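Listing of upload22.cif, mmCIF, C-alpha atoms
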data_model
loop_
_atom_site.group_PDB
_atom_site.id
_atom_site.type_symbol
_atom_site.label_atom_id
_atom_site.label_comp_id
_atom_site.auth_asym_id
_atom_site.auth_seq_id
_atom_site.Cartn_x
_atom_site.Cartn_y
_atom_site.Cartn_z
ATOM 1 C CA MET A 1042 0.000 0.000 0.000
ATOM 2 C CA LYS A 1043 1.387 3.373 -0.977
ATOM 3 C CA THR A 1044 1.722 6.219 1.412
ATOM 4 C CA GLN A 1045 0.395 9.654 0.563
ATOM 5 C CA TYR A 1046 3.965 10.906 0.066
ATOM 6 C CA GLU A 1047 4.693 8.190 -2.527
ATOM 7 C CA LYS A 1048 1.459 8.999 -4.374
ATOM 8 C CA GLU A 1049 2.403 12.693 -4.525
ATOM 9 C CA ILE A 1050 5.840 11.846 -5.942
ATOM 10 C CA VAL A 1051 4.300 9.625 -8.597
ATOM 11 C CA ASN A 1052 1.799 12.370 -9.525
ATOM 12 C CA LYS A 1053 4.595 14.955 -9.840
ATOM 13 C CA ILE A 1054 6.575 12.622 -12.106
ATOM 14 C CA ASN A 1055 3.522 11.840 -14.256
ATOM 15 C CA ASN A 1056 2.493 15.485 -14.622
ATOM 16 C CA GLY A 1057 5.961 16.522 -15.760
ATOM 17 C CA SER A 1058 6.298 13.903 -18.478
ATOM 18 C CA ASP A 1059 6.807 15.159 -22.003
ATOM 19 C CA SER A 1060 7.323 12.570 -24.696
ATOM 20 C CA GLY A 1061 7.424 13.292 -28.389
ATOM 21 C CA LYS A 1062 5.531 10.296 -29.779
ATOM 22 C CA ASP A 1063 2.617 9.461 -27.518
ATOM 23 C CA THR A 1064 0.052 7.255 -29.191
ATOM 24 C CA ASN A 1065 -3.603 7.952 -28.688
ATOM 25 C CA MET A 1066 -5.289 4.791 -27.420
ATOM 26 C CA LEU A 1067 -8.344 5.401 -29.585
ATOM 27 C CA MET A 1068 -6.147 5.567 -32.682
ATOM 28 C CA ALA A 1069 -4.324 2.390 -31.656
ATOM 29 C CA ALA A 1070 -7.608 0.541 -31.081
ATOM 30 C CA PHE A 1071 -8.859 1.683 -34.475
ATOM 31 C CA MET A 1072 -5.687 0.543 -36.213
ATOM 32 C CA PHE A 1073 -5.660 -2.885 -34.581
ATOM 33 C CA PHE A 1074 -9.357 -3.771 -34.705
ATOM 34 C CA ILE A 1075 -11.354 -1.664 -37.164
ATOM 35 C CA PHE A 1076 -8.799 -0.925 -39.902
ATOM 36 C CA PRO A 1077 -8.371 -4.582 -41.036
ATOM 37 C CA ILE A 1078 -12.139 -5.035 -41.295
ATOM 38 C CA ILE A 1079 -12.620 -1.851 -43.328
ATOM 39 C CA GLY A 1080 -9.578 -2.664 -45.467
ATOM 40 C CA THR A 1081 -10.848 -6.157 -46.247
ATOM 41 C CA PHE A 1082 -14.298 -4.833 -47.112
ATOM 42 C CA LEU A 1083 -12.832 -2.227 -49.468
ATOM 43 C CA GLY A 1084 -10.577 -4.895 -50.987
ATOM 44 C CA VAL A 1085 -13.593 -7.082 -51.734
ATOM 45 C CA LEU A 1086 -15.384 -4.145 -53.367
ATOM 46 C CA ALA A 1087 -12.329 -3.195 -55.411
ATOM 47 C CA GLY A 1088 -11.777 -6.823 -56.413
ATOM 48 C CA GLY A 1089 -15.376 -7.060 -57.602
ATOM 49 C CA TYR A 1090 -15.053 -3.936 -59.738
ATOM 50 C CA ILE A 1091 -11.724 -5.051 -61.184
ATOM 51 C CA GLY A 1092 -13.104 -8.528 -61.919
ATOM 52 C CA GLU A 1093 -16.143 -7.045 -63.664
ATOM 53 C CA PHE A 1094 -13.929 -4.694 -65.685
ATOM 54 C CA MET A 1095 -11.560 -7.499 -66.741
ATOM 55 C CA GLY A 1096 -14.377 -9.937 -67.492
ATOM 56 C CA VAL A 1097 -13.287 -12.690 -65.094
ATOM 57 C CA ASN A 1098 -15.250 -14.468 -62.377
ATOM 58 C CA ILE A 1099 -16.431 -11.778 -59.948
ATOM 59 C CA LYS A 1100 -16.508 -13.996 -56.834
ATOM 60 C CA THR A 1101 -12.929 -15.131 -57.390
ATOM 61 C CA SER A 1102 -11.700 -11.589 -57.907
ATOM 62 C CA GLN A 1103 -13.561 -10.462 -54.770
ATOM 63 C CA ILE A 1104 -11.858 -13.177 -52.727
ATOM 64 C CA ILE A 1105 -8.441 -12.303 -54.135
ATOM 65 C CA GLY A 1106 -9.059 -8.587 -53.527
ATOM 66 C CA GLY A 1107 -10.136 -9.233 -49.936
ATOM 67 C CA ILE A 1108 -7.089 -11.392 -49.219
ATOM 68 C CA LEU A 1109 -4.700 -8.852 -50.754
ATOM 69 C CA ALA A 1110 -6.310 -5.972 -48.836
ATOM 70 C CA PHE A 1111 -6.132 -7.920 -45.570
ATOM 71 C CA VAL A 1112 -2.444 -8.717 -46.101
ATOM 72 C CA LEU A 1113 -1.809 -5.047 -46.902
ATOM 73 C CA SER A 1114 -3.639 -3.934 -43.749
ATOM 74 C CA VAL A 1115 -1.588 -6.371 -41.642
ATOM 75 C CA ALA A 1116 1.611 -4.921 -43.131
ATOM 76 C CA ILE A 1117 0.408 -1.381 -42.324
ATOM 77 C CA ILE A 1118 -0.431 -2.462 -38.769
ATOM 78 C CA LYS A 1119 3.074 -3.882 -38.349
ATOM 79 C CA LEU A 1120 4.556 -0.562 -39.493
ATOM 80 C CA PHE A 1121 2.248 1.308 -37.107
ATOM 81 C CA ASP A 1122 3.220 -1.024 -34.268
ATOM 82 C CA LYS A 1123 6.909 -0.323 -34.847
ATOM 83 C CA SER A 1124 6.308 3.431 -34.894
ATOM 84 C CA ILE A 1125 4.474 3.683 -31.569
ATOM 85 C CA LYS A 1126 6.336 4.177 -28.326
ATOM 86 C CA VAL A 1127 5.297 3.123 -24.847
ATOM 87 C CA ASP A 1128 5.201 6.063 -22.482
ATOM 88 C CA LYS A 1129 7.034 4.914 -19.372
ATOM 89 C CA ASN A 1130 5.908 7.991 -17.449
ATOM 90 C CA ALA A 1131 2.208 7.444 -18.105
ATOM 91 C CA LYS A 1132 -0.096 7.312 -15.134
ATOM 92 C CA LYS A 1133 -0.303 3.745 -13.951
ATOM 93 C CA ILE A 1134 -3.380 2.442 -12.189
ATOM 94 C CA GLU A 1135 -2.616 0.109 -9.328
ATOM 95 C CA TRP A 1136 -4.976 -2.025 -7.300
ATOM 96 C CA ASP A 1137 -3.915 -0.293 -4.077
ATOM 97 C CA ASP A 1138 -5.189 3.043 -5.387
ATOM 98 C CA MET A 1139 -8.723 1.807 -6.002
#

Let me see the structure of the file written as structure tokens.
Amino acid sequence: MKTQYEKEIVNKINNGSDSGKDTNMLMAAFMFFIFPIIGTFLGVLAGGYIGEFMGVNIKTSQIIGGILAFVLSVAIIKLFDKSIKVDKNAKKIEWDDM
């Protein structure tokens, strides 16, 4: 259990933190969960249009487009994951504080 003095020190450290590349948690959640779904959906649509334009089987081109878009979204997520930085000075919630 933390004393009041320790809690004040932690609060002073957390309030004075200034990091250049903080990642918004909403943006991170979007990139990891929503972006692949939207990307796959758009890939299926684009594959259908390309298949119709080329005169090949539309279902096959939709499947190929969806797979390619999903692989591309995974590659973008990996790049995003490498670019984010964990803020070591972020406020940490501990069970003793609750």

Quiz item: Skipping near chain neighbours, those fewer than 6 positions away, what residues fall within 10 Å of Ile1079 (chain A) using all atoms listed in the file, listed as number ranges by chain?
Solution: A: 1085, 1110-1111, 1114

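Of note, CA of Ala1116 (chain A) and CA of Phe1071 (chain A) are spaced 15.1 Å apart.
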
Quiz item: What lies within 12 Å of Ile1099 (chain A) using only C-alpha atoms, ignoring chain neighbours under 6 positions off, as a PyMOL selection string?
Solution: chain A and resi 1085-1093+1105-1106

Exercise. Between CA of Ser1102 (chain A) and CA of Ile1075 (chain A), measure the distance and give it in Å to one decimal.
Key: 23.0 Å

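Residue nearest Leu1083 (chain A) within the list A:Ile1125, A:Ile1118, A:Val1097, A:Ile1108: A:Ile1108 [criterion: smallest interatomic distance, all atoms listed in the file].
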
Quiz item: At what distance in Å, to one decimal, does CA of Gly1080 (chain A) lie from CA of Lys1119 (chain A)?
Solution: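 Going from CA of Lys1119 (chain A) over to CA of Gly1080 (chain A), I get 14.6 Å.
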
Exercise. Starting from the displayed file, determine the output of the PyMOL selection byres ((chain A and resi 1073) around 10) and express the residue list as a PyMOL selection string.
Key: chain A and resi 1068-1072+1074-1078+1114-1115+1117-1119+1121-1122

Residues from last step as file, C-alpha atoms, as an mmCIF file, keeping the file's coordinate frame:
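The file below, out.cif, is the result:
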data_model
loop_
_atom_site.group_PDB
_atom_site.id
_atom_site.type_symbol
_atom_site.label_atom_id
_atom_site.label_comp_id
_atom_site.auth_asym_id
_atom_site.auth_seq_id
_atom_site.Cartn_x
_atom_site.Cartn_y
_atom_site.Cartn_z
ATOM 1 C CA MET A 1068 -6.147 5.567 -32.682
ATOM 2 C CA ALA A 1069 -4.324 2.390 -31.656
ATOM 3 C CA ALA A 1070 -7.608 0.541 -31.081
ATOM 4 C CA PHE A 1071 -8.859 1.683 -34.475
ATOM 5 C CA MET A 1072 -5.687 0.543 -36.213
ATOM 6 C CA PHE A 1074 -9.357 -3.771 -34.705
ATOM 7 C CA ILE A 1075 -11.354 -1.664 -37.164
ATOM 8 C CA PHE A 1076 -8.799 -0.925 -39.902
ATOM 9 C CA PRO A 1077 -8.371 -4.582 -41.036
ATOM 10 C CA ILE A 1078 -12.139 -5.035 -41.295
ATOM 11 C CA SER A 1114 -3.639 -3.934 -43.749
ATOM 12 C CA VAL A 1115 -1.588 -6.371 -41.642
ATOM 13 C CA ILE A 1117 0.408 -1.381 -42.324
ATOM 14 C CA ILE A 1118 -0.431 -2.462 -38.769
ATOM 15 C CA LYS A 1119 3.074 -3.882 -38.349
ATOM 16 C CA PHE A 1121 2.248 1.308 -37.107
ATOM 17 C CA ASP A 1122 3.220 -1.024 -34.268
#
